[in-house]
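Asker: Pasting work.cif here (mmCIF, C-alpha atoms and all ligand atoms):
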```cif
data_query
#
loop_
_atom_site.group_PDB
_atom_site.id
_atom_site.type_symbol
_atom_site.label_atom_id
_atom_site.label_comp_id
_atom_site.auth_asym_id
_atom_site.auth_seq_id
_atom_site.Cartn_x
_atom_site.Cartn_y
_atom_site.Cartn_z
ATOM 1 C CA MET A 1 -4.945 7.923 -21.736
ATOM 2 C CA HIS A 2 -2.480 8.612 -18.956
ATOM 3 C CA GLY A 3 0.328 7.481 -21.278
ATOM 4 C CA ASN A 4 -0.594 10.079 -23.899
ATOM 5 C CA ASP A 5 -0.851 12.807 -21.273
ATOM 6 C CA ILE A 6 2.572 11.904 -20.015
ATOM 7 C CA GLU A 7 4.071 11.806 -23.490
ATOM 8 C CA GLY A 8 2.478 15.192 -24.158
ATOM 9 C CA LEU A 9 4.317 16.589 -21.159
ATOM 10 C CA GLY A 10 7.613 15.189 -22.394
ATOM 11 C CA LEU A 11 7.760 12.716 -19.510
ATOM 12 C CA LYS A 12 7.716 9.575 -21.613
ATOM 13 C CA LYS A 13 11.298 8.575 -20.979
ATOM 14 C CA ARG A 14 11.143 8.805 -17.178
ATOM 15 C CA THR A 15 7.799 7.040 -17.032
ATOM 16 C CA ALA A 16 9.091 4.257 -19.267
ATOM 17 C CA GLU A 17 11.828 3.621 -16.720
ATOM 18 C CA LEU A 18 9.435 3.039 -13.870
ATOM 19 C CA ARG A 19 9.133 -0.643 -13.186
ATOM 20 C CA VAL A 20 8.235 -2.785 -10.237
ATOM 21 C CA ASP A 21 11.252 -4.828 -9.236
ATOM 22 C CA PHE A 22 11.023 -7.020 -6.158
ATOM 23 C CA VAL A 23 14.173 -8.988 -6.987
ATOM 24 C CA ASN A 24 16.844 -6.251 -7.114
ATOM 25 C CA GLY A 25 17.438 -2.928 -5.442
ATOM 26 C CA ALA A 26 15.735 -1.425 -2.402
ATOM 27 C CA VAL A 27 13.000 -4.030 -1.964
ATOM 28 C CA ALA A 28 15.388 -6.987 -2.124
ATOM 29 C CA HIS A 29 17.730 -5.188 0.282
ATOM 30 C CA ARG A 30 14.908 -4.639 2.746
ATOM 31 C CA LEU A 31 14.009 -8.330 2.391
ATOM 32 C CA ARG A 32 17.521 -9.403 3.380
ATOM 33 C CA PHE A 33 18.356 -6.780 5.983
ATOM 34 C CA GLY A 34 15.004 -5.450 7.240
ATOM 35 C CA GLY A 35 13.997 -5.786 10.865
ATOM 36 C CA GLY A 36 11.439 -8.599 10.480
ATOM 37 C CA ARG A 37 8.288 -8.216 12.534
ATOM 38 C CA GLY A 38 9.984 -5.482 14.572
ATOM 39 C CA GLN A 39 9.641 -3.023 11.673
ATOM 40 C CA ASP A 40 7.163 -0.199 12.169
ATOM 41 C CA LEU A 41 4.933 -1.313 9.285
ATOM 42 C CA ALA A 42 4.701 -4.895 10.587
ATOM 43 C CA LYS A 43 3.966 -3.719 14.129
ATOM 44 C CA ALA A 44 1.346 -1.267 12.916
ATOM 45 C CA MET A 45 -0.419 -3.991 10.921
ATOM 46 C CA GLY A 46 -0.541 -6.261 13.968
ATOM 47 C CA LEU A 47 2.055 -8.880 13.016
ATOM 48 C CA ARG A 48 3.674 -10.353 16.057
ATOM 49 C CA ALA A 49 4.968 -13.718 17.234
ATOM 50 C CA GLY A 50 2.152 -16.206 16.702
ATOM 51 C CA LYS A 51 -0.147 -13.680 14.982
ATOM 52 C CA THR A 52 -0.252 -13.103 11.239
ATOM 53 C CA PRO A 53 -3.364 -11.185 10.154
ATOM 54 C CA MET A 54 -4.995 -11.360 6.717
ATOM 55 C CA ILE A 55 -4.106 -8.020 5.180
ATOM 56 C CA ILE A 56 -5.671 -5.850 2.531
ATOM 57 C CA ASP A 57 -3.401 -3.229 0.992
ATOM 58 C CA ALA A 58 -6.013 -0.805 -0.334
ATOM 59 C CA THR A 59 -3.435 1.393 -2.111
ATOM 60 C CA ALA A 60 -0.992 -1.074 -3.679
ATOM 61 C CA GLY A 61 1.150 1.353 -5.731
ATOM 62 C CA LEU A 62 4.565 -0.212 -6.316
ATOM 63 C CA GLY A 63 3.656 -3.121 -4.022
ATOM 64 C CA ARG A 64 6.576 -2.592 -1.671
ATOM 65 C CA ASP A 65 4.627 -2.593 1.577
ATOM 66 C CA SER A 66 2.632 -5.623 0.450
ATOM 67 C CA PHE A 67 5.769 -7.483 -0.552
ATOM 68 C CA LEU A 68 7.356 -6.802 2.831
ATOM 69 C CA LEU A 69 4.252 -7.986 4.692
ATOM 70 C CA ALA A 70 3.997 -11.102 2.504
ATOM 71 C CA SER A 71 7.702 -11.799 3.122
ATOM 72 C CA LEU A 72 6.831 -11.927 6.836
ATOM 73 C CA GLY A 73 4.231 -14.609 6.154
ATOM 74 C CA ALA A 74 1.028 -12.570 5.733
ATOM 75 C CA GLN A 75 -1.561 -13.246 3.028
ATOM 76 C CA VAL A 76 -2.020 -9.891 1.310
ATOM 77 C CA THR A 77 -4.744 -8.742 -1.070
ATOM 78 C CA LEU A 78 -3.522 -5.744 -3.073
ATOM 79 C CA ILE A 79 -5.939 -3.264 -4.623
ATOM 80 C CA GLU A 80 -4.832 -0.756 -7.258
ATOM 81 C CA ARG A 81 -7.152 1.464 -9.284
ATOM 82 C CA SER A 82 -4.706 2.966 -11.784
ATOM 83 C CA GLU A 83 -4.573 0.821 -14.951
ATOM 84 C CA LYS A 84 -0.938 1.734 -15.463
ATOM 85 C CA MET A 85 0.164 1.000 -11.876
ATOM 86 C CA HIS A 86 -1.831 -2.229 -11.860
ATOM 87 C CA ALA A 87 -0.082 -3.357 -15.060
ATOM 88 C CA LEU A 88 3.384 -2.470 -13.679
ATOM 89 C CA LEU A 89 2.614 -4.368 -10.499
ATOM 90 C CA ALA A 90 1.287 -7.445 -12.301
ATOM 91 C CA ASP A 91 4.439 -7.472 -14.434
ATOM 92 C CA GLY A 92 6.731 -7.153 -11.392
ATOM 93 C CA MET A 93 4.899 -9.949 -9.597
ATOM 94 C CA THR A 94 5.189 -12.257 -12.635
ATOM 95 C CA ARG A 95 8.928 -11.628 -12.908
ATOM 96 C CA ALA A 96 9.512 -12.164 -9.175
ATOM 97 C CA ALA A 97 7.528 -15.422 -9.204
ATOM 98 C CA ALA A 98 9.654 -16.630 -12.131
ATOM 99 C CA GLU A 99 12.755 -16.296 -9.909
ATOM 100 C CA GLY A 100 11.404 -19.244 -7.920
ATOM 101 C CA GLY A 101 12.449 -20.018 -4.334
ATOM 102 C CA ASP A 102 11.543 -17.466 -1.654
ATOM 103 C CA PHE A 103 10.387 -14.939 -4.251
ATOM 104 C CA ARG A 104 7.803 -17.334 -5.659
ATOM 105 C CA ASP A 105 6.605 -18.220 -2.156
ATOM 106 C CA ILE A 106 6.174 -14.542 -1.264
ATOM 107 C CA ILE A 107 4.362 -13.707 -4.508
ATOM 108 C CA ASN A 108 2.075 -16.703 -3.943
ATOM 109 C CA ARG A 109 0.866 -14.981 -0.778
ATOM 110 C CA MET A 110 -0.062 -11.845 -2.766
ATOM 111 C CA THR A 111 -3.354 -11.470 -4.670
ATOM 112 C CA LEU A 112 -3.650 -8.432 -6.923
ATOM 113 C CA LEU A 113 -7.051 -6.869 -7.684
ATOM 114 C CA LYS A 114 -7.867 -3.988 -10.013
ATOM 115 C CA GLY A 115 -10.435 -1.405 -8.977
ATOM 116 C CA ASP A 116 -11.254 1.285 -6.466
ATOM 117 C CA ALA A 117 -10.802 0.011 -2.927
ATOM 118 C CA LYS A 118 -13.858 2.013 -1.822
ATOM 119 C CA ASP A 119 -15.935 -0.304 -4.029
ATOM 120 C CA LEU A 120 -14.055 -3.537 -3.340
ATOM 121 C CA LEU A 121 -13.557 -3.393 0.448
ATOM 122 C CA PRO A 122 -17.213 -4.155 1.254
ATOM 123 C CA GLU A 123 -16.851 -7.447 -0.679
ATOM 124 C CA LEU A 124 -13.648 -8.476 1.101
ATOM 125 C CA SER A 125 -13.179 -9.497 4.663
ATOM 126 C CA GLY A 126 -9.919 -7.923 5.787
ATOM 127 C CA GLU A 127 -8.563 -8.193 9.291
ATOM 128 C CA ALA A 128 -6.107 -5.353 8.819
ATOM 129 C CA ILE A 129 -6.391 -2.747 6.054
ATOM 130 C CA LEU A 130 -3.405 -0.632 5.012
ATOM 131 C CA ILE A 131 -3.952 2.747 3.369
ATOM 132 C CA ASP A 132 -0.997 4.641 1.927
ATOM 133 C CA PRO A 133 -2.406 7.404 -0.283
ATOM 134 C CA MET A 134 -0.244 9.714 -2.351
ATOM 135 C CA HIS A 135 1.095 12.106 0.254
ATOM 136 C CA PRO A 136 0.723 15.877 0.107
ATOM 137 C CA PRO A 137 3.524 17.379 -2.043
ATOM 138 C CA ARG A 138 6.609 18.255 -0.009
ATOM 139 C CA LYS A 139 7.971 21.776 -0.135
ATOM 140 C CA ASN A 140 11.347 20.379 -1.146
ATOM 141 C CA SER A 141 10.419 18.033 -3.974
ATOM 142 C CA ALA A 142 14.105 17.115 -4.433
ATOM 143 C CA LEU A 143 13.717 14.998 -1.300
ATOM 144 C CA VAL A 144 10.991 12.895 -2.896
ATOM 145 C CA LYS A 145 12.483 9.806 -4.498
ATOM 146 C CA LEU A 146 12.321 9.605 -8.289
ATOM 147 C CA ASP A 147 10.105 6.521 -8.391
ATOM 148 C CA LEU A 148 7.542 8.158 -6.088
ATOM 149 C CA ARG A 149 7.550 11.264 -8.258
ATOM 150 C CA GLN A 150 6.942 8.997 -11.247
ATOM 151 C CA VAL A 151 3.993 7.366 -9.474
ATOM 152 C CA ARG A 152 2.609 10.831 -8.801
ATOM 153 C CA GLU A 153 2.924 11.668 -12.494
ATOM 154 C CA ILE A 154 0.825 8.599 -13.280
ATOM 155 C CA VAL A 155 -1.853 8.733 -10.574
ATOM 156 C CA GLY A 156 -1.921 12.380 -9.472
ATOM 157 C CA THR A 157 -3.128 12.996 -5.920
ATOM 158 C CA ASP A 158 -5.508 10.811 -3.910
ATOM 159 C CA ASP A 159 -7.970 13.473 -2.827
ATOM 160 C CA ASP A 160 -10.488 10.869 -1.657
ATOM 161 C CA ALA A 161 -8.170 9.395 1.012
ATOM 162 C CA ALA A 162 -10.476 10.381 3.886
ATOM 163 C CA ASP A 163 -13.415 8.637 2.197
ATOM 164 C CA LEU A 164 -11.286 5.526 1.709
ATOM 165 C CA VAL A 165 -10.330 5.499 5.397
ATOM 166 C CA ARG A 166 -14.002 5.847 6.362
ATOM 167 C CA VAL A 167 -15.001 2.869 4.160
ATOM 168 C CA ALA A 168 -12.103 0.820 5.546
ATOM 169 C CA LEU A 169 -13.128 1.613 9.135
ATOM 170 C CA LYS A 170 -16.526 0.143 8.371
ATOM 171 C CA TYR A 171 -15.167 -3.153 7.046
ATOM 172 C CA ALA A 172 -11.837 -3.889 8.773
ATOM 173 C CA ARG A 173 -12.346 -6.595 11.370
ATOM 174 C CA ASN A 174 -9.397 -5.543 13.512
ATOM 175 C CA ARG A 175 -7.682 -2.342 12.359
ATOM 176 C CA VAL A 176 -7.073 0.265 9.697
ATOM 177 C CA VAL A 177 -3.596 1.694 9.331
ATOM 178 C CA LEU A 178 -2.995 5.012 7.594
ATOM 179 C CA LYS A 179 0.590 5.538 6.459
ATOM 180 C CA TRP A 180 1.388 9.232 6.358
ATOM 181 C CA PRO A 181 4.419 11.575 6.502
ATOM 182 C CA ALA A 182 5.615 11.786 10.124
ATOM 183 C CA LYS A 183 5.181 15.530 10.428
ATOM 184 C CA ALA A 184 2.148 16.115 8.207
ATOM 185 C CA ASP A 185 -1.176 17.266 9.649
ATOM 186 C CA ARG A 186 -3.935 14.743 10.140
ATOM 187 C CA ILE A 187 -6.243 14.268 7.174
ATOM 188 C CA GLU A 188 -9.113 16.669 7.742
ATOM 189 C CA GLY A 189 -12.429 15.175 8.772
ATOM 190 C CA LEU A 190 -11.066 11.902 10.141
ATOM 191 C CA GLU A 191 -11.755 10.675 13.632
ATOM 192 C CA PRO A 192 -8.678 10.530 15.913
ATOM 193 C CA CYS A 193 -6.681 7.313 15.638
ATOM 194 C CA THR A 194 -6.215 4.842 18.502
ATOM 195 C CA HIS A 195 -2.432 5.083 18.514
ATOM 196 C CA GLN A 196 0.501 6.083 16.334
ATOM 197 C CA ILE A 197 3.832 4.538 15.452
ATOM 198 C CA ILE A 198 6.124 7.380 14.473
ATOM 199 C CA GLY A 199 9.340 6.866 12.522
ATOM 200 C CA LYS A 200 11.887 9.312 11.145
ATOM 201 C CA THR A 201 9.943 10.201 8.016
ATOM 202 C CA THR A 202 6.796 8.099 8.163
ATOM 203 C CA ARG A 203 4.138 7.546 10.756
ATOM 204 C CA TYR A 204 1.413 4.952 11.019
ATOM 205 C CA ASP A 205 -1.933 6.088 12.419
ATOM 206 C CA VAL A 206 -3.617 2.948 13.747
ATOM 207 C CA PHE A 207 -7.411 2.841 14.078
ATOM 208 C CA MET A 208 -8.553 -0.214 16.014
ATOM 209 C CA THR A 209 -12.018 -1.336 14.921
ATOM 210 C CA GLY A 210 -12.525 -4.491 16.973
ATOM 211 C CA LEU A 211 -15.412 -5.544 14.740
ATOM 212 C CA GLY A 212 -14.544 -9.232 14.791
ATOM 213 C CA MET A 213 -16.844 -10.027 11.868
ATOM 214 C CA PRO A 214 -17.656 -7.936 8.789
ATOM 215 C CA LYS A 215 -20.558 -5.576 9.563
ATOM 216 C CA ASP A 216 -22.814 -7.007 6.885
ATOM 217 C CA VAL A 217 -22.493 -10.583 8.176
ATOM 218 C CA SER A 218 -25.274 -11.511 10.550
ATOM 219 C CA ILE A 219 -24.870 -14.451 12.913
HETATM 220 C C1 LIG A 301 1.646 6.156 -2.405
HETATM 221 S S1 LIG A 301 1.143 4.910 -3.513
HETATM 222 C C2 LIG A 301 1.252 3.445 -2.520
HETATM 223 C C3 LIG A 301 2.649 2.906 -2.377
HETATM 224 C C4 LIG A 301 2.680 1.534 -1.758
HETATM 225 N N1 LIG A 301 2.325 1.559 -0.355
HETATM 226 C C5 LIG A 301 4.005 0.856 -1.938
HETATM 227 O O1 LIG A 301 4.544 0.317 -0.955
HETATM 228 O O2 LIG A 301 4.519 0.829 -3.075
HETATM 229 C C6 LIG A 301 -0.607 5.104 -3.624
HETATM 230 C C7 LIG A 301 -1.275 4.179 -4.654
HETATM 231 O O3 LIG A 301 -2.614 3.916 -4.218
HETATM 232 C C8 LIG A 301 -3.480 3.954 -5.316
HETATM 233 N N2 LIG A 301 -4.807 4.307 -4.775
HETATM 234 C C9 LIG A 301 -5.156 5.441 -4.123
HETATM 235 N N3 LIG A 301 -6.450 5.416 -3.736
HETATM 236 C C10 LIG A 301 -6.924 4.214 -4.170
HETATM 237 C C11 LIG A 301 -8.212 3.598 -4.087
HETATM 238 N N4 LIG A 301 -9.273 4.219 -3.506
HETATM 239 N N5 LIG A 301 -8.355 2.358 -4.619
HETATM 240 C C12 LIG A 301 -7.318 1.731 -5.220
HETATM 241 N N6 LIG A 301 -6.081 2.276 -5.357
HETATM 242 C C13 LIG A 301 -5.890 3.499 -4.824
HETATM 243 C C14 LIG A 301 -2.873 5.007 -6.226
HETATM 244 O O4 LIG A 301 -3.317 4.821 -7.563
HETATM 245 C C15 LIG A 301 -1.385 4.759 -6.049
HETATM 246 O O5 LIG A 301 -0.902 3.830 -6.988
#
```
Show this structure as structure tokens.
Ligand SMILES: C[S@@+](CC[C@H](N)C(=O)[O-])C[C@H]1O[C@@H](n2cnc3c(N)ncnc32)[C@H](O)[C@@H]1O
Answerer:
Amino acid sequence: MHGNDIEGLGLKKRTAELRVDFVNGAVAHRLRFGGGRGQDLAKAMGLRAGKTPMIIDATAGLGRDSFLLASLGAQVTLIERSEKMHALLADGMTRAAAEGGDFRDIINRMTLLKGDAKDLLPELSGEAILIDPMHPPRKNSALVKLDLRQVREIVGTDDDAADLVRVALKYARNRVVLKWPAKADRIEGLEPCTHQIIGKTTRYDVFMTGLGMPKDVSI
């Protein structure tokens, strides 16, 4: 369905080029030269020396954040609701695993699920939940990287991001992390976060939940 829409808009060629590649390019570079657990994303998710939380990436997309977190030793469950993005991701994960070595080990720590995270989160028991919705369009779209523009062409905007955060806050045992453009306004209707990690272009709004156990588990 999406494919036809895209072809109808004359976007077929660019969409066909979008692929998930963990082995070459930006992701592989970040794997070799990234800042380990000192990176903002890792800190926001609660990775530190001696602590590696079980992570749910509720908005898997191109899988880059998940791959980074898995490369740092975390078990990551990825959730993606777009058929097309899910298929691209599954394909990229299969190819990376076939490389063997470190790539296979990292992919083995990643479990990909298809569906809406709002429906799946209550069934999962995540310590730390990452939410990276499609961001509001920038005024200068030339600054948005081509692959992110291609993702937008496939999935549109994630207008239900606030609802997703609210569901995640109910089920995350330790924290929910909302990845958002550094200078963008807060998502309307959300409670204030506990703290922020602010980078050059991206910020992480961290909501500590301190639930310990999932809310629907009685002891
Ligand atoms: C900005 S991209 C995420 C990029 C990702 N963090 C990465 O590193 O590649 C957002 C993705 O989340 C997906 N998404 C948004 N809301 C979702 C939901 N409620 N459940 C599952 N997937 C969702 C979209 O379909 C889209 O593919």
Asker: Please report the interatomic distance between atom C13 of ligand LIG 301 (chain A) and atom CA of A:Phe33 in Å with one decimal.
Answerer: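 Going from atom C13 of ligand LIG 301 (chain A) over to atom CA of A:Phe33 covers 28.5 Å.
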Asker: Run the PyMOL selection byres (((chain A and resi 179-194) around 6) and not hetatm) against the file shown and list the residues it catches, as a PyMOL selection string.
Answerer: chain A and resi 132+178+195+201-207
Asker: Kindly provide the residues of chain A that approach ligand LIG 301 (chain A) to within 9 Å, each paired with its closest atom pair and their distance in Å to one decimal, based on only C-alpha atoms and all ligand atoms, listed by chain and increasing number, as a Markdown table.
Answerer:
```
| residue | atom | partner | partner_atom | distance |
| --- | --- | --- | --- | --- |
| A:Val20 | CA | A:LIG301 | O2 | 8.8 |
| A:Asp57 | CA | A:LIG301 | N1 | 7.6 |
| A:Ala58 | CA | A:LIG301 | C12 | 5.7 |
| A:Thr59 | CA | A:LIG301 | O3 | 3.4 |
| A:Ala60 | CA | A:LIG301 | C4 | 4.9 |
| A:Gly61 | CA | A:LIG301 | O5 | 3.5 |
| A:Leu62 | CA | A:LIG301 | O2 | 3.4 |
| A:Gly63 | CA | A:LIG301 | O2 | 4.2 |
| A:Arg64 | CA | A:LIG301 | O1 | 3.6 |
| A:Asp65 | CA | A:LIG301 | O1 | 3.9 |
| A:Ser66 | CA | A:LIG301 | O1 | 6.4 |
| A:Phe67 | CA | A:LIG301 | O1 | 7.9 |
| A:Leu68 | CA | A:LIG301 | O1 | 8.5 |
| A:Leu78 | CA | A:LIG301 | C12 | 8.7 |
| A:Ile79 | CA | A:LIG301 | C12 | 5.2 |
| A:Glu80 | CA | A:LIG301 | N6 | 3.8 |
| A:Arg81 | CA | A:LIG301 | C12 | 4.1 |
| A:Ser82 | CA | A:LIG301 | O4 | 4.8 |
| A:Glu83 | CA | A:LIG301 | O4 | 8.5 |
| A:Lys84 | CA | A:LIG301 | O5 | 8.7 |
| A:Met85 | CA | A:LIG301 | O5 | 5.7 |
| A:His86 | CA | A:LIG301 | O5 | 7.8 |
| A:Leu113 | CA | A:LIG301 | C12 | 9.0 |
| A:Lys114 | CA | A:LIG301 | C12 | 7.5 |
| A:Gly115 | CA | A:LIG301 | C12 | 5.8 |
| A:Asp116 | CA | A:LIG301 | N5 | 3.6 |
| A:Ala117 | CA | A:LIG301 | N5 | 3.8 |
| A:Lys118 | CA | A:LIG301 | N4 | 5.4 |
| A:Asp119 | CA | A:LIG301 | N5 | 8.1 |
| A:Leu120 | CA | A:LIG301 | N5 | 8.3 |
| A:Leu130 | CA | A:LIG301 | N1 | 8.2 |
| A:Ile131 | CA | A:LIG301 | N1 | 7.4 |
| A:Asp132 | CA | A:LIG301 | N1 | 5.1 |
| A:Pro133 | CA | A:LIG301 | C6 | 4.4 |
| A:Met134 | CA | A:LIG301 | C1 | 4.0 |
| A:His135 | CA | A:LIG301 | C1 | 6.5 |
| A:Leu148 | CA | A:LIG301 | C1 | 7.2 |
| A:Val151 | CA | A:LIG301 | O5 | 6.5 |
| A:Arg152 | CA | A:LIG301 | C15 | 7.8 |
| A:Ile154 | CA | A:LIG301 | O4 | 8.0 |
| A:Val155 | CA | A:LIG301 | O4 | 5.1 |
| A:Gly156 | CA | A:LIG301 | O4 | 7.9 |
| A:Thr157 | CA | A:LIG301 | C14 | 8.0 |
| A:Asp158 | CA | A:LIG301 | C9 | 5.4 |
| A:Asp159 | CA | A:LIG301 | N3 | 8.2 |
| A:Asp160 | CA | A:LIG301 | N4 | 7.0 |
| A:Ala161 | CA | A:LIG301 | N3 | 6.4 |
| A:Asp163 | CA | A:LIG301 | N4 | 8.3 |
| A:Leu164 | CA | A:LIG301 | N4 | 5.7 |
| A:Lys179 | CA | A:LIG301 | N1 | 8.1 |
```
Asker: Next, the residues of the selection above should be written as a short mmCIF file (atom, residue, chain, number, x, y, z; two decimals), keeping the file's coordinate frame with C-alpha atoms.
Answerer:
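Done, and the output landed in selection.cif:
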```cif
data_model
loop_
_atom_site.label_atom_id
_atom_site.label_comp_id
_atom_site.auth_asym_id
_atom_site.auth_seq_id
_atom_site.Cartn_x
_atom_site.Cartn_y
_atom_site.Cartn_z
CA VAL A 20 8.24 -2.78 -10.24
CA ASP A 57 -3.40 -3.23 0.99
CA ALA A 58 -6.01 -0.80 -0.33
CA THR A 59 -3.44 1.39 -2.11
CA ALA A 60 -0.99 -1.07 -3.68
CA GLY A 61 1.15 1.35 -5.73
CA LEU A 62 4.57 -0.21 -6.32
CA GLY A 63 3.66 -3.12 -4.02
CA ARG A 64 6.58 -2.59 -1.67
CA ASP A 65 4.63 -2.59 1.58
CA SER A 66 2.63 -5.62 0.45
CA PHE A 67 5.77 -7.48 -0.55
CA LEU A 68 7.36 -6.80 2.83
CA LEU A 78 -3.52 -5.74 -3.07
CA ILE A 79 -5.94 -3.26 -4.62
CA GLU A 80 -4.83 -0.76 -7.26
CA ARG A 81 -7.15 1.46 -9.28
CA SER A 82 -4.71 2.97 -11.78
CA GLU A 83 -4.57 0.82 -14.95
CA LYS A 84 -0.94 1.73 -15.46
CA MET A 85 0.16 1.00 -11.88
CA HIS A 86 -1.83 -2.23 -11.86
CA LEU A 113 -7.05 -6.87 -7.68
CA LYS A 114 -7.87 -3.99 -10.01
CA GLY A 115 -10.44 -1.40 -8.98
CA ASP A 116 -11.25 1.28 -6.47
CA ALA A 117 -10.80 0.01 -2.93
CA LYS A 118 -13.86 2.01 -1.82
CA ASP A 119 -15.94 -0.30 -4.03
CA LEU A 120 -14.06 -3.54 -3.34
CA LEU A 130 -3.40 -0.63 5.01
CA ILE A 131 -3.95 2.75 3.37
CA ASP A 132 -1.00 4.64 1.93
CA PRO A 133 -2.41 7.40 -0.28
CA MET A 134 -0.24 9.71 -2.35
CA HIS A 135 1.10 12.11 0.25
CA LEU A 148 7.54 8.16 -6.09
CA VAL A 151 3.99 7.37 -9.47
CA ARG A 152 2.61 10.83 -8.80
CA ILE A 154 0.82 8.60 -13.28
CA VAL A 155 -1.85 8.73 -10.57
CA GLY A 156 -1.92 12.38 -9.47
CA THR A 157 -3.13 13.00 -5.92
CA ASP A 158 -5.51 10.81 -3.91
CA ASP A 159 -7.97 13.47 -2.83
CA ASP A 160 -10.49 10.87 -1.66
CA ALA A 161 -8.17 9.40 1.01
CA ASP A 163 -13.42 8.64 2.20
CA LEU A 164 -11.29 5.53 1.71
CA LYS A 179 0.59 5.54 6.46
#
```
Asker: Just give me the residues with any atom within 9 Å of (5.2, -17.9, 0.8), file coordinates, counting only C-alpha atoms, written as a list in words.
Answerer: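 Neighbouring residues, ordered by chain and number, come to Ala70, Ser71, Leu72, Gly73, Ala74, Gln75, Asp102, Phe103, Arg104, Asp105, Ile106, Ile107, Asn108, Arg109 and Met110 of chain A.
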Asker: How many Å separate atom CA of A:Arg175 from atom CA of A:Met45?
Answerer: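 Taking atom CA of A:Arg175 and atom CA of A:Met45, their separation equals 7.6 Å.
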Asker: Quick check on the file I pasted: which residues fall under the PyMOL selection byres (((chain A and resi 123) around 12) and not hetatm)? Write them as a PyMOL selection string.
Answerer: chain A and resi 56+116-122+124-126+167-168+170-172+214-217
Asker: At what distance in Å, to one decimal, does atom CA of A:Pro136 lie from atom CA of A:Glu153?
Answerer: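 Atom CA of A:Pro136 lies 13.5 Å from atom CA of A:Glu153.
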Asker: Looking at A:Ala96, A:Leu18, A:Leu31, A:Ala44, which one is nearest to A:Gln196, with distances taken over only C-alpha atoms?
Answerer: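 Closest residue, counting only C-alpha atoms: A:Ala44.
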Asker: Could you please give me, as a short mmCIF file (atom, residue, chain, number, x, y, z; two decimals) with C-alpha atoms, in the frame of the given file, the residues of protein, DNA or RNA lying at most 10 Å from (-4.4, -8.5, 17.5) in the coordinate frame of the file, considering all atoms listed in the file?
Answerer:
```
data_model
loop_
_atom_site.label_atom_id
_atom_site.label_comp_id
_atom_site.auth_asym_id
_atom_site.auth_seq_id
_atom_site.Cartn_x
_atom_site.Cartn_y
_atom_site.Cartn_z
CA MET A 45 -0.42 -3.99 10.92
CA GLY A 46 -0.54 -6.26 13.97
CA LEU A 47 2.06 -8.88 13.02
CA ARG A 48 3.67 -10.35 16.06
CA LYS A 51 -0.15 -13.68 14.98
CA THR A 52 -0.25 -13.10 11.24
CA PRO A 53 -3.36 -11.18 10.15
CA GLU A 127 -8.56 -8.19 9.29
CA ALA A 128 -6.11 -5.35 8.82
CA ASN A 174 -9.40 -5.54 13.51
CA ARG A 175 -7.68 -2.34 12.36
CA MET A 208 -8.55 -0.21 16.01
CA GLY A 210 -12.52 -4.49 16.97
#
```
Asker: Let me know the centre plus edge lengths, in Å and rounded to one decimal, of a box with edges along x, y and z that contains all listed atoms of stretch 145-160 of chain A and is padded by 4 Å on every side, as AutoDock Vina command-line options.
Answerer:
```
--center_x 1.0 --center_y 10.0 --center_z -7.5 --size_x 31.0 --size_y 15.0 --size_z 19.6
```
